[in-house]
Amino acid sequence: MNEIQPLMIDLTQQFLSNLTVSAKVTIDGVVYNKEIYHTSTKFGLRKYVKLSTEQGLVTRAALVDSYGRELYVKTMNYQKGSKGYVIAFPLQLESKEVTVNE
């Protein structure tokens with residue numbers, strides 16, 4: 001019996017977490033570079049981006065790598081006022097063995 005070990009999932013999740021270094025958030029047509037506010041691995045991988053002082057219509061948010069490449073993009077339509085707002089990027093990994101006809 002073949003079985004993917006939990007360590008493989010954990011290491012893949014760590015790799016993806018380390019790959020993401022910041023976010024780009026579009027508010028009223030202006031792109032803001034934002035830090036990752038929090039990372040959680042309790043129920044899959046989750047990255048959080050916090051908006052504090054920015055106000056306006058949030059239309060897009062993307063997690064990016066160290067080269068600025070977009071890895072996870074969310075299209076939104078949220079009118080942010082003076083209160084803070086946190087954007088969540090949930091990701092859950094699933095493993096599946098692929099059968100090969102030999």
# chains A, B, ... in the order shown; residues from 1 in each chain; ligands from 1
$ residues_around --residues "Glu3 (chain A)" --least-positions-apart "3" --cutoff "12 Å" --atoms "only C-alpha atoms" --output "list in words"
Pro6, Leu7, Met8, Ile9, Ser95, Lys96, Glu97 and Val98 of chain A
$ closest_atom_pairs --of "region 5-49 of chain A" --to "region 55-74 of chain A" --cutoff "12 Å" --atoms "only C-alpha atoms" --output "tab-separated table"
residue	atom	partner	partner_atom	distance
A:Phe15	CA	A:Asp65	CA	11.6
A:Leu16	CA	A:Leu71	CA	9.6
A:Ser17	CA	A:Asp65	CA	10.0
A:Asn18	CA	A:Asp65	CA	8.7
A:Leu19	CA	A:Asp65	CA	5.6
A:Thr20	CA	A:Asp65	CA	4.8
A:Val21	CA	A:Asp65	CA	5.3
A:Ser22	CA	A:Val64	CA	5.5
A:Ala23	CA	A:Leu63	CA	4.4
A:Lys24	CA	A:Ala62	CA	5.2
A:Val25	CA	A:Ala61	CA	4.3
A:Thr26	CA	A:Arg60	CA	5.1
A:Ile27	CA	A:Val58	CA	4.4
A:Asp28	CA	A:Leu57	CA	5.2
A:Gly29	CA	A:Thr59	CA	7.9
A:Val30	CA	A:Val58	CA	9.5
A:Val31	CA	A:Arg60	CA	8.8
A:Tyr32	CA	A:Ala61	CA	9.4
A:Asn33	CA	A:Val64	CA	9.7
A:Lys34	CA	A:Leu63	CA	9.3
A:Glu35	CA	A:Leu63	CA	9.6
A:Ile36	CA	A:Leu63	CA	8.6
A:Tyr37	CA	A:Leu63	CA	11.8
A:Arg46	CA	A:Leu63	CA	11.2
A:Lys47	CA	A:Leu63	CA	8.5
A:Tyr48	CA	A:Leu63	CA	9.6
A:Val49	CA	A:Leu63	CA	9.0
$ write_last_selection --atoms "C-alpha atoms" --output "CSV table (one decimal), in the first residue's frame"
chain,number,residue,atom,x,y,z
A,15,PHE,CA,7.2,26.0,1.2
A,16,LEU,CA,4.0,27.8,0.1
A,17,SER,CA,4.0,29.9,3.2
A,18,ASN,CA,7.6,30.9,2.8
A,19,LEU,CA,7.0,31.7,-0.9
A,20,THR,CA,4.5,34.4,-0.1
A,21,VAL,CA,6.2,37.6,1.2
A,22,SER,CA,3.7,40.4,0.8
A,23,ALA,CA,0.5,41.5,-0.8
A,24,LYS,CA,-0.8,44.1,-3.3
A,25,VAL,CA,-4.2,45.6,-2.6
A,26,THR,CA,-6.1,47.8,-5.0
A,27,ILE,CA,-8.2,50.6,-3.4
A,28,ASP,CA,-9.9,53.2,-5.5
A,29,GLY,CA,-7.7,52.1,-8.4
A,30,VAL,CA,-4.4,52.6,-6.5
A,31,VAL,CA,-2.2,49.6,-5.7
A,32,TYR,CA,-0.8,49.5,-2.2
A,33,ASN,CA,2.0,47.2,-1.1
A,34,LYS,CA,1.0,45.6,2.2
A,35,GLU,CA,2.8,43.3,4.6
A,36,ILE,CA,1.5,39.9,5.7
A,37,TYR,CA,-0.3,40.7,9.0
A,46,ARG,CA,-4.1,31.1,5.9
A,47,LYS,CA,-2.4,34.4,5.2
A,48,TYR,CA,-4.0,37.6,6.5
A,49,VAL,CA,-3.4,41.2,5.2
$ select_by_dssp --residues "chain A" --states "helix (DSSP H, G or I)" --output "ChimeraX atom specification"
/A:6-19
$ select_by_dssp --residues "chain A" --states "strand (DSSP E)" --output "ChimeraX atom specification"
/A:22-27,30-35,38-40,45-51,56-64,70-80,85-91
$ residues_around --residues "Gly44 (chain A)" --least-positions-apart "2" --cutoff "6 Å" --atoms "only C-alpha atoms" --output "ChimeraX atom specification"
/A:41-42,91-92
$ write_last_selection --atoms "N, CA and C atoms" --output "CSV table (one decimal), in the first residue's frame"
chain,number,residue,atom,x,y,z
A,41,THR,N,-1.5,28.2,10.4
A,41,THR,CA,-1.5,26.8,9.8
A,41,THR,C,-2.4,25.8,10.6
A,42,LYS,N,-3.3,26.4,11.4
A,42,LYS,CA,-4.1,25.5,12.2
A,42,LYS,C,-5.1,24.7,11.4
A,91,LEU,N,-6.0,28.6,2.2
A,91,LEU,CA,-5.5,27.6,1.3
A,91,LEU,C,-5.4,26.2,2.0
A,92,GLN,N,-6.0,25.2,1.5
A,92,GLN,CA,-6.0,23.9,2.0
A,92,GLN,C,-5.4,23.0,1.0
$ atom_distance --atom1 "CA of Thr39 (chain A)" --atom2 "CA of Asp10 (chain A)"
14.4 Å
$ closest_residue --among "A:Asn2, A:Ser40, A:Glu94, A:Met76" --to "Gln14 (chain A)" --atoms "only C-alpha atoms"
A:Ser40
$ residues_around --residues "Ser52 (chain A)" --least-positions-apart "3" --cutoff "7 Å" --atoms "only C-alpha atoms" --output "ChimeraX atom specification"
/A:83-85
$ atom_distance --atom1 "CA of Gln5 (chain A)" --atom2 "CA of Phe43 (chain A)"
17.5 Å
$ atom_distance --atom1 "CA of Ile4 (chain A)" --atom2 "CA of Leu45 (chain A)"
18.6 Å
$ decode --residues "region 61-100 of chain A" --atoms "N, CA and C atoms" --output "PDB file, in the first residue's frame"
ATOM      1  N   ALA A  61      -7.061  42.043  -4.327  1.00  0.00           N
ATOM      2  CA  ALA A  61      -5.976  41.774  -3.395  1.00  0.00           C
ATOM      3  C   ALA A  61      -5.225  40.552  -3.899  1.00  0.00           C
ATOM      4  N   ALA A  62      -3.903  40.592  -3.806  1.00  0.00           N
ATOM      5  CA  ALA A  62      -3.092  39.488  -4.307  1.00  0.00           C
ATOM      6  C   ALA A  62      -1.907  39.236  -3.388  1.00  0.00           C
ATOM      7  N   LEU A  63      -1.633  37.971  -3.112  1.00  0.00           N
ATOM      8  CA  LEU A  63      -0.407  37.599  -2.424  1.00  0.00           C
ATOM      9  C   LEU A  63       0.693  37.496  -3.463  1.00  0.00           C
ATOM     10  N   VAL A  64       1.885  37.982  -3.127  1.00  0.00           N
ATOM     11  CA  VAL A  64       2.981  37.986  -4.094  1.00  0.00           C
ATOM     12  C   VAL A  64       4.244  37.372  -3.496  1.00  0.00           C
ATOM     13  N   ASP A  65       5.123  36.910  -4.383  1.00  0.00           N
ATOM     14  CA  ASP A  65       6.408  36.364  -3.955  1.00  0.00           C
ATOM     15  C   ASP A  65       7.462  37.460  -3.966  1.00  0.00           C
ATOM     16  N   SER A  66       8.708  37.098  -3.712  1.00  0.00           N
ATOM     17  CA  SER A  66       9.783  38.094  -3.613  1.00  0.00           C
ATOM     18  C   SER A  66      10.086  38.779  -4.938  1.00  0.00           C
ATOM     19  N   TYR A  67       9.619  38.225  -6.048  1.00  0.00           N
ATOM     20  CA  TYR A  67       9.802  38.840  -7.368  1.00  0.00           C
ATOM     21  C   TYR A  67       8.598  39.688  -7.774  1.00  0.00           C
ATOM     22  N   GLY A  68       7.586  39.773  -6.914  1.00  0.00           N
ATOM     23  CA  GLY A  68       6.384  40.534  -7.225  1.00  0.00           C
ATOM     24  C   GLY A  68       5.371  39.768  -8.052  1.00  0.00           C
ATOM     25  N   ARG A  69       5.603  38.478  -8.234  1.00  0.00           N
ATOM     26  CA  ARG A  69       4.667  37.656  -9.008  1.00  0.00           C
ATOM     27  C   ARG A  69       3.441  37.322  -8.159  1.00  0.00           C
ATOM     28  N   GLU A  70       2.279  37.454  -8.745  1.00  0.00           N
ATOM     29  CA  GLU A  70       1.041  37.188  -8.029  1.00  0.00           C
ATOM     30  C   GLU A  70       0.796  35.687  -7.933  1.00  0.00           C
ATOM     31  N   LEU A  71       0.561  35.228  -6.706  1.00  0.00           N
ATOM     32  CA  LEU A  71       0.377  33.806  -6.448  1.00  0.00           C
ATOM     33  C   LEU A  71      -1.073  33.436  -6.146  1.00  0.00           C
ATOM     34  N   TYR A  72      -1.805  34.359  -5.557  1.00  0.00           N
ATOM     35  CA  TYR A  72      -3.187  34.109  -5.134  1.00  0.00           C
ATOM     36  C   TYR A  72      -3.911  35.447  -5.253  1.00  0.00           C
ATOM     37  N   VAL A  73      -4.898  35.518  -6.134  1.00  0.00           N
ATOM     38  CA  VAL A  73      -5.596  36.779  -6.404  1.00  0.00           C
ATOM     39  C   VAL A  73      -7.060  36.652  -5.988  1.00  0.00           C
ATOM     40  N   LYS A  74      -7.541  37.685  -5.287  1.00  0.00           N
ATOM     41  CA  LYS A  74      -8.955  37.762  -4.904  1.00  0.00           C
ATOM     42  C   LYS A  74      -9.554  39.010  -5.529  1.00  0.00           C
ATOM     43  N   THR A  75     -10.678  38.849  -6.222  1.00  0.00           N
ATOM     44  CA  THR A  75     -11.433  39.995  -6.723  1.00  0.00           C
ATOM     45  C   THR A  75     -12.478  40.326  -5.664  1.00  0.00           C
ATOM     46  N   MET A  76     -12.561  41.609  -5.332  1.00  0.00           N
ATOM     47  CA  MET A  76     -13.442  42.014  -4.251  1.00  0.00           C
ATOM     48  C   MET A  76     -14.272  43.224  -4.659  1.00  0.00           C
ATOM     49  N   ASN A  77     -15.220  43.560  -3.817  1.00  0.00           N
ATOM     50  CA  ASN A  77     -16.016  44.764  -3.989  1.00  0.00           C
ATOM     51  C   ASN A  77     -16.436  45.208  -2.590  1.00  0.00           C
ATOM     52  N   TYR A  78     -15.475  45.737  -1.835  1.00  0.00           N
ATOM     53  CA  TYR A  78     -15.704  46.098  -0.439  1.00  0.00           C
ATOM     54  C   TYR A  78     -15.389  47.572  -0.220  1.00  0.00           C
ATOM     55  N   GLN A  79     -16.357  48.297   0.285  1.00  0.00           N
ATOM     56  CA  GLN A  79     -16.161  49.715   0.583  1.00  0.00           C
ATOM     57  C   GLN A  79     -15.604  49.828   2.001  1.00  0.00           C
ATOM     58  N   LYS A  80     -14.322  50.164   2.100  1.00  0.00           N
ATOM     59  CA  LYS A  80     -13.679  50.266   3.399  1.00  0.00           C
ATOM     60  C   LYS A  80     -13.747  51.694   3.912  1.00  0.00           C
ATOM     61  N   GLY A  81     -14.243  51.820   5.130  1.00  0.00           N
ATOM     62  CA  GLY A  81     -14.304  53.123   5.782  1.00  0.00           C
ATOM     63  C   GLY A  81     -13.116  53.319   6.705  1.00  0.00           C
ATOM     64  N   SER A  82     -13.341  53.977   7.822  1.00  0.00           N
ATOM     65  CA  SER A  82     -12.252  54.305   8.740  1.00  0.00           C
ATOM     66  C   SER A  82     -11.866  53.149   9.664  1.00  0.00           C
ATOM     67  N   LYS A  83     -12.723  52.141   9.771  1.00  0.00           N
ATOM     68  CA  LYS A  83     -12.395  50.990  10.611  1.00  0.00           C
ATOM     69  C   LYS A  83     -11.440  50.060   9.889  1.00  0.00           C
ATOM     70  N   GLY A  84     -10.650  49.315  10.665  1.00  0.00           N
ATOM     71  CA  GLY A  84      -9.713  48.354  10.089  1.00  0.00           C
ATOM     72  C   GLY A  84     -10.435  47.219   9.380  1.00  0.00           C
ATOM     73  N   TYR A  85      -9.713  46.527   8.522  1.00  0.00           N
ATOM     74  CA  TYR A  85     -10.278  45.417   7.752  1.00  0.00           C
ATOM     75  C   TYR A  85      -9.158  44.425   7.468  1.00  0.00           C
ATOM     76  N   VAL A  86      -9.456  43.145   7.626  1.00  0.00           N
ATOM     77  CA  VAL A  86      -8.469  42.096   7.376  1.00  0.00           C
ATOM     78  C   VAL A  86      -8.953  41.225   6.223  1.00  0.00           C
ATOM     79  N   ILE A  87      -8.074  41.015   5.257  1.00  0.00           N
ATOM     80  CA  ILE A  87      -8.376  40.152   4.112  1.00  0.00           C
ATOM     81  C   ILE A  87      -7.725  38.801   4.372  1.00  0.00           C
ATOM     82  N   ALA A  88      -8.512  37.734   4.291  1.00  0.00           N
ATOM     83  CA  ALA A  88      -8.012  36.384   4.527  1.00  0.00           C
ATOM     84  C   ALA A  88      -7.796  35.666   3.199  1.00  0.00           C
ATOM     85  N   PHE A  89      -6.704  34.933   3.130  1.00  0.00           N
ATOM     86  CA  PHE A  89      -6.380  34.099   1.971  1.00  0.00           C
ATOM     87  C   PHE A  89      -6.243  32.659   2.468  1.00  0.00           C
ATOM     88  N   PRO A  90      -7.337  31.893   2.474  1.00  0.00           N
ATOM     89  CA  PRO A  90      -7.259  30.508   2.945  1.00  0.00           C
ATOM     90  C   PRO A  90      -6.787  29.560   1.840  1.00  0.00           C
ATOM     91  N   LEU A  91      -5.997  28.586   2.246  1.00  0.00           N
ATOM     92  CA  LEU A  91      -5.505  27.586   1.297  1.00  0.00           C
ATOM     93  C   LEU A  91      -5.422  26.247   2.016  1.00  0.00           C
ATOM     94  N   GLN A  92      -6.047  25.237   1.455  1.00  0.00           N
ATOM     95  CA  GLN A  92      -5.984  23.908   2.044  1.00  0.00           C
ATOM     96  C   GLN A  92      -5.394  22.953   1.025  1.00  0.00           C
ATOM     97  N   LEU A  93      -4.384  22.228   1.456  1.00  0.00           N
ATOM     98  CA  LEU A  93      -3.743  21.259   0.567  1.00  0.00           C
ATOM     99  C   LEU A  93      -4.373  19.896   0.726  1.00  0.00           C
ATOM    100  N   GLU A  94      -4.569  19.227  -0.379  1.00  0.00           N
ATOM    101  CA  GLU A  94      -5.054  17.862  -0.372  1.00  0.00           C
ATOM    102  C   GLU A  94      -4.086  17.021  -1.167  1.00  0.00           C
ATOM    103  N   SER A  95      -3.864  15.803  -0.702  1.00  0.00           N
ATOM    104  CA  SER A  95      -2.950  14.924  -1.408  1.00  0.00           C
ATOM    105  C   SER A  95      -3.722  13.768  -2.031  1.00  0.00           C
ATOM    106  N   LYS A  96      -3.256  13.370  -3.183  1.00  0.00           N
ATOM    107  CA  LYS A  96      -3.886  12.252  -3.867  1.00  0.00           C
ATOM    108  C   LYS A  96      -2.810  11.523  -4.652  1.00  0.00           C
ATOM    109  N   GLU A  97      -2.732  10.260  -4.448  1.00  0.00           N
ATOM    110  CA  GLU A  97      -1.782   9.463  -5.203  1.00  0.00           C
ATOM    111  C   GLU A  97      -2.323   9.263  -6.612  1.00  0.00           C
ATOM    112  N   VAL A  98      -1.447   9.415  -7.570  1.00  0.00           N
ATOM    113  CA  VAL A  98      -1.822   9.235  -8.970  1.00  0.00           C
ATOM    114  C   VAL A  98      -1.419   7.830  -9.392  1.00  0.00           C
ATOM    115  N   THR A  99      -2.371   7.098  -9.950  1.00  0.00           N
ATOM    116  CA  THR A  99      -2.071   5.760 -10.436  1.00  0.00           C
ATOM    117  C   THR A  99      -1.508   5.829 -11.847  1.00  0.00           C
ATOM    118  N   VAL A 100      -0.455   5.118 -12.036  1.00  0.00           N
ATOM    119  CA  VAL A 100       0.201   5.089 -13.334  1.00  0.00           C
ATOM    120  C   VAL A 100       0.092   3.681 -13.902  1.00  0.00           C
TER     121      VAL A 100
END
